[in-house]
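Shown next: entry.txt, given as compact mmCIF, C-alpha atoms.
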# COMPACT_ATOMS: atom_id res chain seq x y z
CA MET P 21 16.93 -11.79 -28.34
CA SER P 22 13.65 -10.39 -27.05
CA SER P 23 11.08 -8.91 -29.40
CA PRO P 24 10.26 -5.17 -29.34
CA VAL P 25 7.05 -5.94 -27.46
CA GLU P 26 8.88 -7.98 -24.84
CA TYR P 27 11.52 -5.28 -24.51
CA TYR P 28 8.86 -2.62 -24.04
CA LYS P 29 7.13 -4.68 -21.35
CA SER P 30 10.45 -5.11 -19.54
CA LEU P 31 11.01 -1.37 -19.18
CA PRO P 32 10.78 -0.01 -15.62
CA PRO P 33 7.59 1.97 -14.90
CA ILE P 34 8.73 5.61 -14.94
CA THR P 35 10.93 5.24 -18.01
CA LYS P 36 8.15 3.33 -19.79
CA CYS P 37 5.62 6.06 -19.01
CA TYR P 38 7.89 8.81 -20.30
CA VAL P 39 8.90 6.96 -23.48
CA THR P 40 5.27 6.11 -24.23
CA THR P 41 4.08 9.67 -23.70
CA CYS P 42 6.78 11.09 -25.98
CA VAL P 43 5.95 8.61 -28.76
CA VAL P 44 2.20 9.25 -28.45
CA ALA P 45 2.73 13.04 -28.48
CA THR P 46 4.81 12.90 -31.66
CA ALA P 47 2.51 10.39 -33.36
CA ALA P 48 -0.53 12.55 -32.56
CA PHE P 49 1.25 15.55 -34.09
CA HIS P 50 1.97 13.66 -37.33
CA LEU P 51 -1.68 12.57 -37.46
CA GLY P 52 -2.72 16.21 -37.31
CA LEU P 53 -4.51 15.87 -33.98
CA TYR P 54 -2.95 19.01 -32.53
CA HIS P 55 -0.50 21.79 -33.26
CA PRO P 56 2.73 21.92 -31.22
CA GLY P 57 1.96 25.50 -30.32
CA LEU P 58 -0.87 24.24 -28.11
CA ILE P 59 1.53 22.39 -25.80
CA ALA P 60 4.61 24.63 -26.06
CA LEU P 61 5.95 26.45 -23.01
CA VAL P 62 4.84 30.06 -23.40
CA TYR P 63 5.00 31.80 -20.04
CA GLU P 64 2.88 34.72 -21.21
CA LEU P 65 -0.01 32.34 -21.92
CA VAL P 66 0.58 30.41 -18.71
CA PHE P 67 0.15 33.48 -16.55
CA SER P 68 -2.25 35.60 -18.64
CA GLU P 69 -4.53 32.85 -19.97
CA PHE P 70 -3.94 30.33 -17.13
CA GLN P 71 -2.87 27.65 -19.63
CA VAL P 72 -1.01 25.78 -16.92
CA TRP P 73 -0.92 22.51 -18.87
CA ARG P 74 1.96 23.98 -20.88
CA LEU P 75 4.21 23.61 -17.83
CA VAL P 76 3.90 19.83 -18.24
CA THR P 77 3.10 19.08 -21.88
CA ASN P 78 6.20 20.82 -23.25
CA PHE P 79 8.34 17.98 -21.85
CA PHE P 80 6.62 15.36 -24.03
CA PHE P 81 7.44 16.72 -27.48
CA LEU P 82 10.91 15.74 -28.73
CA GLY P 83 10.34 16.97 -32.26
CA LYS P 84 9.14 15.35 -35.47
CA PHE P 85 9.86 11.73 -36.32
CA SER P 86 13.48 11.88 -37.45
CA MET P 87 16.94 10.53 -36.72
CA ASN P 88 17.33 13.04 -33.88
CA PHE P 89 13.99 11.98 -32.42
CA GLY P 90 15.07 8.34 -32.52
CA ILE P 91 18.38 9.10 -30.83
CA ARG P 92 16.70 11.07 -28.02
CA LEU P 93 14.14 8.31 -27.53
CA LEU P 94 16.81 5.64 -27.35
CA MET P 95 18.77 7.78 -24.90
CA ILE P 96 15.75 7.76 -22.59
CA ALA P 97 15.37 4.02 -22.99
CA ARG P 98 19.08 3.42 -22.42
CA TYR P 99 20.02 5.79 -19.61
CA GLY P 100 16.62 5.95 -17.97
CA VAL P 101 16.51 2.16 -17.74
CA GLN P 102 20.07 1.91 -16.44
CA LEU P 103 19.35 4.51 -13.77
CA GLU P 104 15.98 3.11 -12.74
CA GLN P 105 17.26 -0.46 -12.61
CA GLY P 106 20.66 0.47 -11.19
CA PRO P 107 21.20 3.26 -8.64
CA PHE P 108 17.43 3.70 -8.25
CA GLN P 109 16.55 0.01 -8.10
CA LYS P 110 13.56 -0.49 -5.78
CA ARG P 111 13.47 3.30 -5.36
CA THR P 112 10.79 4.20 -7.89
CA ALA P 113 9.59 7.19 -5.87
CA ASP P 114 13.12 8.60 -5.72
CA PHE P 115 13.54 8.21 -9.48
CA LEU P 116 10.20 9.93 -10.11
CA TRP P 117 11.22 12.74 -7.76
CA MET P 118 14.48 13.14 -9.68
CA MET P 119 12.46 13.58 -12.88
CA ILE P 120 10.09 16.06 -11.20
CA PHE P 121 12.95 18.06 -9.69
CA GLY P 122 14.68 18.12 -13.06
CA ALA P 123 11.51 19.40 -14.74
CA LEU P 124 11.05 22.11 -12.09
CA SER P 125 14.68 23.18 -12.42
CA LEU P 126 14.36 23.40 -16.20
CA LEU P 127 11.18 25.46 -15.91
CA ALA P 128 12.97 27.89 -13.60
CA LEU P 129 15.99 28.15 -15.90
CA SER P 130 13.90 28.58 -19.03
CA ALA P 131 12.09 31.51 -17.43
CA LEU P 132 15.25 33.53 -18.07
CA PRO P 133 15.01 35.18 -21.51
CA ILE P 134 18.46 33.93 -22.55
CA PHE P 135 17.42 30.31 -21.91
CA ARG P 136 13.85 30.55 -23.21
CA SER P 137 12.79 27.37 -25.01
CA PRO P 138 9.29 26.25 -26.09
CA PHE P 139 10.04 22.55 -25.46
CA LEU P 140 12.19 21.14 -22.67
CA GLY P 141 11.98 17.43 -23.48
CA ILE P 142 15.51 17.31 -24.92
CA SER P 143 16.80 19.11 -21.82
CA LEU P 144 15.18 16.50 -19.59
CA VAL P 145 16.81 13.75 -21.66
CA PHE P 146 20.19 15.41 -21.20
CA MET P 147 19.56 15.61 -17.48
CA LEU P 148 19.07 11.83 -17.39
CA LEU P 149 22.25 11.41 -19.45
CA TYR P 150 24.24 13.64 -17.08
CA VAL P 151 23.06 11.88 -13.91
CA TRP P 152 23.82 8.50 -15.49
CA SER P 153 27.31 9.67 -16.46
CA ARG P 154 27.98 10.63 -12.84
CA GLU P 155 26.59 7.39 -11.45
CA SER P 156 28.68 5.32 -13.91
CA PRO P 157 31.69 7.54 -14.56
CA HIS P 158 34.07 4.72 -15.50
CA ALA P 159 31.79 2.99 -18.02
CA GLN P 160 33.38 2.81 -21.46
CA VAL P 161 31.31 4.43 -24.20
CA ASN P 162 31.90 3.97 -27.90
CA ILE P 163 30.40 6.75 -30.03
CA TYR P 164 29.49 5.62 -33.54
CA GLY P 165 32.29 3.06 -33.34
CA LEU P 166 34.83 5.87 -33.84
CA VAL P 167 35.59 7.43 -30.47
CA ALA P 168 35.93 5.63 -27.14
CA LEU P 169 35.69 7.60 -23.92
CA LYS P 170 34.58 7.31 -20.34
CA ALA P 171 30.91 7.93 -19.53
CA PHE P 172 31.96 10.87 -17.36
CA TYR P 173 32.63 12.87 -20.55
CA LEU P 174 29.65 11.63 -22.58
CA PRO P 175 27.31 14.64 -21.99
CA TRP P 176 29.97 17.01 -23.28
CA ALA P 177 30.71 14.77 -26.24
CA MET P 178 27.03 14.69 -27.18
CA LEU P 179 26.86 18.47 -26.82
CA ALA P 180 29.87 18.79 -29.14
CA LEU P 181 28.16 16.57 -31.71
CA ASP P 182 25.09 18.80 -31.61
CA VAL P 183 27.33 21.79 -32.29
CA ILE P 184 28.93 19.99 -35.24
CA PHE P 185 25.56 19.03 -36.73
CA GLY P 186 24.09 22.49 -36.18
CA SER P 187 21.57 21.62 -33.46
CA PRO P 188 20.83 24.18 -30.72
CA ILE P 189 23.04 23.71 -27.68
CA VAL P 190 20.92 25.62 -25.16
CA PRO P 191 18.63 22.63 -24.47
CA ASP P 192 21.70 20.44 -23.89
CA LEU P 193 23.27 22.96 -21.54
CA LEU P 194 20.05 23.34 -19.56
CA GLY P 195 19.88 19.59 -19.06
CA ILE P 196 23.50 19.44 -17.90
CA VAL P 197 22.92 22.26 -15.41
CA ALA P 198 19.76 20.63 -14.03
CA GLY P 199 21.50 17.25 -13.79
CA HIS P 200 24.50 18.69 -11.96
CA LEU P 201 22.24 20.56 -9.55
CA TYR P 202 20.43 17.34 -8.66
CA TYR P 203 23.65 15.35 -8.32
CA PHE P 204 25.28 18.04 -6.20
CA LEU P 205 22.35 18.28 -3.79
CA THR P 206 21.84 14.52 -3.41
CA VAL P 207 25.39 13.15 -3.61
CA LEU P 208 28.24 15.67 -3.55
CA HIS P 209 26.87 17.93 -0.81
CA PRO P 210 26.04 15.05 1.59
CA LEU P 211 29.42 13.46 0.81
CA ALA P 212 31.09 16.68 1.97
CA GLY P 213 29.28 16.37 5.29
CA GLY P 214 26.18 18.37 4.44
CA ARG P 215 22.56 17.35 4.81
CA ASN P 216 20.55 15.93 1.94
CA ILE P 217 18.05 18.74 1.44
CA LEU P 218 16.41 17.08 -1.55
CA THR P 219 14.71 14.09 0.05
CA THR P 220 11.72 12.68 -1.78
CA PRO P 221 8.45 14.25 -0.51
CA LYS P 222 5.84 11.99 1.04
CA TRP P 223 3.28 12.86 -1.64
CA VAL P 224 5.56 11.33 -4.29
CA HIS P 225 5.74 8.07 -2.32
CA LYS P 226 1.95 8.11 -1.95
CA LEU P 227 1.54 8.76 -5.69
CA VAL P 228 3.74 5.80 -6.60
CA ALA P 229 1.88 3.59 -4.14
CA TYR P 230 -1.55 4.74 -5.39
CA TRP P 231 -0.75 4.07 -9.03
CA LYS P 232 1.24 0.92 -8.18
CA LEU P 233 4.15 2.11 -10.30
CA GLY P 234 6.85 0.25 -8.42
CA TYR P 235 8.46 0.77 -5.05
CA PRO P 236 6.99 3.70 -3.09
CA THR P 237 9.56 3.59 -0.29
CA SER P 238 13.26 4.25 -0.57
CA SER P 239 16.26 3.01 1.32
CA HIS P 240 18.12 5.47 3.49
CA VAL P 241 21.23 6.83 1.87
CA GLN P 242 23.99 6.91 4.42
CA GLN P 243 27.58 7.89 4.04
CA ASP P 244 30.35 5.59 5.17
CA ARG P 245 32.96 8.16 6.01
CA GLY P 246 35.63 5.51 6.31
CA SER P 247 35.25 4.08 2.81
CA GLY P 248 33.72 6.97 0.90
CA VAL P 249 30.68 4.90 -0.06
CA PHE P 250 27.08 6.00 -0.24
CA ARG P 251 24.80 3.28 1.08
CA GLY P 252 21.76 2.83 -1.13
CA ARG P 253 23.50 4.01 -4.32
CA SER P 254 25.55 2.01 -6.78
CA TYR P 255 28.21 4.63 -7.42
CA ARG P 256 31.35 4.35 -5.32
CA LEU P 257 33.66 7.32 -5.44
CA ASN P 258 36.72 5.22 -4.79
CA SER P 259 35.90 2.48 -7.28
CA SER P 260 38.25 1.77 -10.14
CA SER P 261 36.10 -0.83 -11.85
CA SER P 262 34.51 -0.14 -15.20
CA GLN P 263 31.79 -1.66 -17.27
CA GLY P 264 31.56 -1.87 -21.02
CA PHE P 265 28.94 -0.05 -22.98
CA SER P 266 28.71 0.45 -26.71
CA PHE P 267 26.99 3.47 -28.13
CA ARG P 268 26.36 1.45 -31.28
CA ARG P 269 23.56 -0.34 -29.39
CA LEU P 270 21.60 2.87 -29.67
CA TRP P 271 21.36 2.23 -33.36
CA SER P 272 20.80 -1.51 -33.23
CA SER P 273 18.26 -1.55 -30.35
For this file, produce the structure as structure tokens.
Amino acid sequence: MSSPVEYYKSLPPITKCYVTTCVVATAAFHLGLYHPGLIALVYELVFSEFQVWRLVTNFFFLGKFSMNFGIRLLMIARYGVQLEQGPFQKRTADFLWMMIFGALSLLALSALPIFRSPFLGISLVFMLLYVWSRESPHAQVNIYGLVALKAFYLPWAMLALDVIFGSPIVPDLLGIVAGHLYYFLTVLHPLAGGRNILTTPKWVHKLVAYWKLGYPTSSHVQQDRGSGVFRGRSYRLNSSSSQGFSFRRLWSS
């Protein structure tokens, strides 16, 4: 079994960057280096005081060190890694663009008063969870060793648990909406014969290449109309195979 340091070093670049930033942001808060209000998403301050950093920094605060914080962090490490090393293997730029698109979608949704939220980090985590559940719909998930279900239903199960434990459900719902929007535009719509209108911009590829984060270029995703398979992705719509996955690893990792 690898040590925590070895495990951290093995994380793919984008997931590692996000996990590290979230941990640093929370640690800095507990050390009294800043107040969360300085990084919260407040649109009035963004537009009136030009505090544009809030559009980015709000995604890095997952709350105080707690059980919920640990679960969200492990969700990033679990589903982010499985996505980046699975469907997005050797497609670092595409994975980064998925994260950027998700963040932009969440910013647009949270601009509506009914969905207003000062921090969208949990929503971004739920977006990763939703996309993973669609890429691995037949994976078997065991929640707390009590309930076994397919990964396809995991986002809704996690949302139900938040309702039971009294956590706000709006952040979860925002993440699910953003995740479905991304998956629809990149997978479902092209599968139906439409054009992929969400291709990764060239500046994202250049950014990945400049910072040497991984693989700046992506393979072309082509549809095999005869078999219902997307070339360049690991998810096959007509596949009946499943892989095992235990939610208890979240607690033992």
Discussion item. List as a ChimeraX atom specification the protein and nucleic acid residues near Ser187 in chain P, meaning an atom at most 12 Å away when all atoms listed in the file are counted, but skip any in the same chain fewer than 6 places from it.
Written reply: /P:88,142,178-181
Worksheet entry | CA of Val207 in chain P to CA of Lys226 in chain P, straight-line distance in Å |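 Computing the Euclidean distance for CA of Lys226 in chain P and CA of Val207 in chain P yields 24.0 Å.
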Worksheet item: So which one's closest to Arg136 in chain P, P:Val190, P:Phe115, P:Gly214, P:Gln160? Using all atoms listed in the file, please.
Response: P:Val190
Worksheet item: By how many Å are CA of Arg98 in chain P and CA of Thr46 in chain P apart?
Response: 19.5 Å
